Amino acid sequence: MFRITVRGIVQGVGFRPFVYRLAKSMRLRGYVKNTGTGCVEIVIDRDVEEFIKRLRDEKPPISEIHSIDVEEISDIPLDDFIIEKSGGKKGGISLPPPDVAVCKSCLRELFDPRDRRYMYPFISCTDCGPRFSVAIRLPYDRENTTFLEFPLCDLCSKEYWSMEDRRYYAQSIACPRCGPDYELIAGDLRIKGIEGIKKTAELIDEGHLIAIKGLGGYHIACITDDDVVFELRKKLGRPQQPFAVMARDMDVVKSVAYVSEEEEREMLSYVRPITVLKKRDRDSFFAVAPHLDTIGIMLPYAPIHYILFRFLKADFIVMTSANKPGEPMFIDDGVFSLNLDGVLRHNLTIYNRVDDSVIKFVGGRRLIIRRSRGFVPKIIELNSDLNGMAVGAELYNSITVLKDGKAIVSQYIGNTSNFRTFNEFFKKAIDFFMRFVDLKPDFIACDLHPLYNTTIFAEKFSKRYNCRLIRVQHHFAHAMSVMAEKGLDKAVAITVDGVGYGFDGTVWGGEILLLDFDKGIFRRIGRLESFRLIGGDLAVEYPLRVLFSIVYKGCGDYGILSYYERYLGKGESFELFEKMHERAIKTTSLGRLLDAISAMLEVCFERTYEGEPAMKLESIVKPFECENRPKIRKVEEDSVYSNPFVDEDWKVRRGEVSVLEFCDVFCSELERYISSRDKDIRGEIAYRLIDYIAKGFAEIVRKYVKMGYPVVMSGGVTYNSYFTPLVRKYIGDLYLNEKVACGDNGISFGQIYVGRFLNDS
């Protein structure tokens with residue numbers, strides 16, 4: 001006989017009943033069962049090659065097979081093929097699937113008055129429903145999920161145990177008789193079940209703000225009328241940050257936004273992400289996405305959404321995560337602290353917070369902005385003999401665990417400088433994934449910044465588990481996140497973002513790096529011309545300070561900035577900025593440079609959310625054919641590193657660095673803008689400066705392309721709809737992140753890549 005061990009997303013997706021039916025069709029003897037670690041173990045008596053081929057070809061739609069191991073064993077006295085109880089040998093990694101959008105079969109039943117699950121908001125089967133959000137431990141059986149609190153009724157039990165039923169072994173099945181349900185609480189109102197959902201739709205249509213508990217946490221829903229959305233902004237303290245919108249169907253999406261075939265395919269996939277789309281009318285949904293030409297839209301993905309839209313008059317509703325800025329989304333009755341007009345809650349425990357995923361197509365390529373629901377958890381193969389943990393960056397945080405050559409990136413966690421996010425979300429995610437995969441770490445990787453909560457946590461973690469502490473430089477981690485995805489041993493990397501702690505203690509953000517693991521080469525070969533952040537974090541918040549710094553360096557004085565005095569804040573003056581200038585920290589951040597362009601063109605003078613000035617700048621850009629000749633000078637500075645991380649053996653020496661100068665070009669464009677006072681040329685100036693940077697970076701990189709180095713690019717500026725296509729235009733082939741986020745949400749995956757390098761140290 002043969003024992004077959006299948007690893008991947010093979011639990012909670014109807015894999016065992018599929019195997020059972022396949023084996024029966026081939027008249028095989030044996031069994032199938034879940035192991036204690038989430039793998040599926042299959043024993044058959046013959047025809048192993050044909051069985052494995054059909055296993056791969058005919059598997060359930062949302063399952064994923066990562067590996068199949070086969071060993072010959074002694075005969076087992078079985079006369080038939082059976083499904084055995086879960087449990088057995090340990091070893092290997094397998095995971096429950098991500099939370100999956102409701103399938104077409106369940107939708108048909110949901111709106112069939114003859115079906116016993118008619119209008120039941122927790123309808124699901126083996127092809128859809130909550131998975132990761134309710135998983136407590138492995139193996140992924142009902143008793144190891146929060147559905148344990150809802151014993152199956154006779155009818156559900158019959159489906160669960162019927163091998164021919166599509167709900168056979170579907171761990172999340174339920175019905176109105178035995179499952180969870182909704183309840184609306186609004187003032188003195190307390191309405192259960194479908195009547196509560198109907199009333200919720202009525203309240204939303206009337207302009208009320210209602211919290212709705214979904215698969216992975218609470219959302220706040222309201223109509224998209226400007227006055228209602230502005231009221232929501234006051235409640236949440238989010239004056240400008242764009243909100244996500246849920247649309248009734250694809251037809252209404254296309255009526256307000258341009259949708260490509262690729263975007264439509266992603267929006268209709270089982271992930272159902274929020275997709276950043278170009279508005280047809282820039283002025284539409286103004287309060288939802290102020291001063292932006294894009295809007296984030298998602299389609300219904302849970303039964304509760306479809307039921308709501310059955311009763312709603314509105315075709316669009318705001319559907320944003322219920323949390324204060326920087327804090328994790330609510331998953332419990334803490335949501336009542338927001339003092340909204342009502343709360344539609346259910347009584348199924350959410351064990352793992354899972355926010356909505358966000359994607360954006362840039363130059364025809366899908367980029368992940370926030371990797372969460374639908375994407376997590378999934379295994380990414382990584383060739384490493386070491387097991388480890390990476391704790392990511394401070395903002396847009398995620399963590400990654402590495403075990404047995406497989407990396408698992410957590411859901412989006414968020415801002416770990418926030419007390420609640422760090423203590424209630426980050427630490428719980430660490431505990432959950434370590435326990436889930438039974439991790440015994442050889443190392444822990446963190447950011448180089450010494451004051452991040454994640455860095456301090458990693459220091460304590462390394463002592464607690466007696467494992468190696470690795471401090472990975474932020475931009476090398478960005479580069480390695482792409483290299484790890486593509487299986488690259490060497491690359492020249494363009495890493496562009498807002499803030500990253502550099503090896504020299506300054507703020508990096510516009511870097512060209514060379515990484516060659518085979519030769520042990522790690523260099524900073526290019527960068528933006530440096531400028532200063534006057535007031536440190538205040539310069540991040542108020543881009544006029546960055547504008548002053550660049551102009552002061554490029555022009556030698558600040559007289560030309562008199563036009564901008566009206567935008568100075570209370571207690572600010574350009575004379576004061578001049579006194580502060582020489583003491584301010586240096587940066588090479590392309591993100592901050594884009595902020596300065598935004599201020600120069602009178603687009604945005606205060607950042608109220610991450611990336612705001614650059615996003616609003618992107619909305620006014622007007623492409624055109626322009627001629628730029630980048631100015632690049634060579635300097636000698638500390639730029640050759642023994643490793644892309646700091647440990648006890650880290651060393652640095654001097655080397656040649658290509659510096660892309662831009663202050664002079666910036667000042668020329670500023671003079672042009674001020675002399676014309678014509679706001680119609682803003683888009684042209686913005687494009688010219690973005691084109692200049694892209695062309696300059698391409699020129700620095702070109703030498704290494706000729707030497708055979710593939711080009712990778714990562715970092716938050718990669719999401720810019722103009723910069724990334726221009727870099728591709730001037731360089732040619734360019735590798736971007738596909739499996740993890742380009743921004744800091746993907747940093748932990750880049751950090752974990754050092755596990756491969758540590759094998760040779």
# chains A, B, ... in the order shown; residues from 1 in each chain; ligands from 1

$ residues_around --residues "Gly755 of chain A" --least-positions-apart "2" --cutoff "9 Å" --atoms "only C-alpha atoms" --output "list of chain:residue names"
A:Asn383, A:Ser384, A:Asp385, A:Leu386, A:Asn387, A:Gly388, A:Leu402, A:Asp442, A:Phe443, A:Ala445, A:Gln751, A:Ile752, A:Tyr753, A:Phe757, A:Leu758, A:Asn759

$ write_last_selection --atoms "all heavy atoms" --output "tab-separated table (two decimals), in the first residue's frame"
chain	number	residue	atom	x	y	z
A	383	ASN	N	13.38	28.53	0.37
A	383	ASN	CA	14.44	27.54	0.57
A	383	ASN	C	15.33	27.93	1.75
A	383	ASN	O	16.24	28.74	1.63
A	383	ASN	CB	15.28	27.42	-0.71
A	383	ASN	CG	16.36	26.38	-0.59
A	383	ASN	OD1	16.27	25.47	0.23
A	383	ASN	ND2	17.39	26.51	-1.40
A	384	SER	N	15.03	27.36	2.92
A	384	SER	CA	15.82	27.65	4.12
A	384	SER	C	15.77	26.46	5.06
A	384	SER	O	14.73	25.82	5.22
A	384	SER	CB	15.27	28.89	4.83
A	384	SER	OG	15.92	29.08	6.07
A	385	ASP	N	16.90	26.16	5.68
A	385	ASP	CA	16.95	25.08	6.66
A	385	ASP	C	16.64	25.57	8.07
A	385	ASP	O	16.53	24.77	9.00
A	385	ASP	CB	18.35	24.43	6.66
A	385	ASP	CG	18.65	23.73	5.34
A	385	ASP	OD1	17.69	23.25	4.70
A	385	ASP	OD2	19.83	23.70	4.94
A	386	LEU	N	16.55	26.89	8.23
A	386	LEU	CA	16.30	27.46	9.55
A	386	LEU	C	14.83	27.80	9.73
A	386	LEU	O	14.11	28.08	8.76
A	386	LEU	CB	17.14	28.72	9.74
A	386	LEU	CG	18.66	28.56	9.69
A	386	LEU	CD1	19.33	29.90	9.96
A	386	LEU	CD2	19.14	27.52	10.69
A	387	ASN	N	14.39	27.79	10.97
A	387	ASN	CA	13.05	28.23	11.31
A	387	ASN	C	13.15	29.58	12.01
A	387	ASN	O	14.07	29.81	12.80
A	387	ASN	CB	12.37	27.22	12.24
A	387	ASN	CG	12.23	25.86	11.59
A	387	ASN	OD1	12.07	25.76	10.38
A	387	ASN	ND2	12.27	24.81	12.39
A	388	GLY	N	12.23	30.48	11.71
A	388	GLY	CA	12.35	31.80	12.31
A	388	GLY	C	11.07	32.60	12.30
A	388	GLY	O	10.03	32.17	11.80
A	402	LEU	N	8.62	31.29	9.54
A	402	LEU	CA	9.31	30.42	8.60
A	402	LEU	C	9.56	29.08	9.28
A	402	LEU	O	10.18	29.03	10.34
A	402	LEU	CB	10.65	31.05	8.18
A	402	LEU	CG	11.59	30.18	7.33
A	402	LEU	CD1	10.96	29.87	5.97
A	402	LEU	CD2	12.93	30.88	7.14
A	442	ASP	N	14.94	29.53	15.28
A	442	ASP	CA	16.40	29.65	15.30
A	442	ASP	C	16.83	31.11	15.31
A	442	ASP	O	17.93	31.43	15.74
A	442	ASP	CB	17.00	28.97	14.06
A	442	ASP	CG	16.69	27.48	14.01
A	442	ASP	OD1	17.01	26.78	14.97
A	442	ASP	OD2	16.11	27.04	12.99
A	443	PHE	N	15.95	31.99	14.79
A	443	PHE	CA	16.27	33.42	14.75
A	443	PHE	C	14.99	34.22	14.74
A	443	PHE	O	13.91	33.71	14.43
A	443	PHE	CB	17.12	33.75	13.50
A	443	PHE	CG	16.36	33.70	12.21
A	443	PHE	CD1	15.81	34.85	11.65
A	443	PHE	CD2	16.19	32.49	11.53
A	443	PHE	CE1	15.11	34.81	10.47
A	443	PHE	CE2	15.49	32.44	10.33
A	443	PHE	CZ	14.95	33.60	9.80
A	445	ALA	N	13.87	38.14	13.19
A	445	ALA	CA	14.32	39.29	12.40
A	445	ALA	C	13.40	40.48	12.68
A	445	ALA	O	12.19	40.33	12.81
A	445	ALA	CB	14.31	38.95	10.91
A	751	GLN	N	12.21	40.44	5.48
A	751	GLN	CA	13.08	40.17	6.64
A	751	GLN	C	13.34	38.68	6.80
A	751	GLN	O	14.46	38.26	7.12
A	751	GLN	CB	12.43	40.72	7.91
A	751	GLN	CG	12.36	42.24	8.00
A	751	GLN	CD	11.54	42.71	9.19
A	751	GLN	OE1	10.78	41.95	9.77
A	751	GLN	NE2	11.67	43.99	9.53
A	752	ILE	N	12.32	37.87	6.58
A	752	ILE	CA	12.48	36.43	6.82
A	752	ILE	C	13.42	35.80	5.80
A	752	ILE	O	13.98	34.73	6.03
A	752	ILE	CB	11.10	35.72	6.82
A	752	ILE	CG1	11.13	34.46	7.73
A	752	ILE	CG2	10.67	35.30	5.42
A	752	ILE	CD1	11.16	34.76	9.19
A	753	TYR	N	13.61	36.48	4.66
A	753	TYR	CA	14.47	35.95	3.60
A	753	TYR	C	15.91	35.78	4.07
A	753	TYR	O	16.66	34.97	3.51
A	753	TYR	CB	14.41	36.87	2.38
A	753	TYR	CG	15.08	36.32	1.14
A	753	TYR	CD1	14.63	35.15	0.54
A	753	TYR	CD2	16.15	36.99	0.54
A	753	TYR	CE1	15.23	34.66	-0.61
A	753	TYR	CE2	16.74	36.51	-0.60
A	753	TYR	CZ	16.28	35.35	-1.18
A	753	TYR	OH	16.87	34.86	-2.32
A	757	PHE	N	20.04	33.21	3.93
A	757	PHE	CA	21.43	33.66	3.96
A	757	PHE	C	22.15	33.15	5.20
A	757	PHE	O	23.34	32.84	5.16
A	757	PHE	CB	21.45	35.19	3.92
A	757	PHE	CG	22.82	35.79	3.99
A	757	PHE	CD1	23.71	35.65	2.94
A	757	PHE	CD2	23.21	36.51	5.10
A	757	PHE	CE1	24.97	36.21	3.01
A	757	PHE	CE2	24.47	37.07	5.18
A	757	PHE	CZ	25.36	36.92	4.12
A	758	LEU	N	21.43	33.05	6.31
A	758	LEU	CA	22.06	32.62	7.56
A	758	LEU	C	22.58	31.20	7.48
A	758	LEU	O	23.46	30.81	8.25
A	758	LEU	CB	21.07	32.74	8.72
A	758	LEU	CG	20.62	34.16	9.08
A	758	LEU	CD1	19.55	34.11	10.17
A	758	LEU	CD2	21.80	35.00	9.54
A	759	ASN	N	22.05	30.40	6.56
A	759	ASN	CA	22.50	29.02	6.42
A	759	ASN	C	23.98	28.95	6.08
A	759	ASN	O	24.66	27.97	6.40
A	759	ASN	CB	21.72	28.31	5.30
A	759	ASN	CG	20.26	28.13	5.66
A	759	ASN	OD1	19.92	28.13	6.83
A	759	ASN	ND2	19.42	27.98	4.65

$ select_by_dssp --residues "segment 167-315 of chain A" --states "helix (DSSP H, G or I)" --output "MDAnalysis selection string"
chainID A and resid 193:205 226:236 250:256 261:268 303:311

$ closest_residue --among "A:Pro77, A:Pro303, A:Pro710, A:Gly196" --to "Leu515 of chain A" --atoms "only C-alpha atoms"
A:Pro710

$ closest_residue --among "A:Phe723, A:Tyr567, A:Tyr641, A:Tyr412" --to "Glu394 of chain A" --atoms "only C-alpha atoms"
A:Tyr412

$ residues_around --residues "segment 472-476 of chain A" --least-positions-apart "6" --cutoff "7 Å" --atoms "only C-alpha atoms" --output "NGL selection string"
:A and (445-448 or 495 or 500-503 or 644-646 or 751)
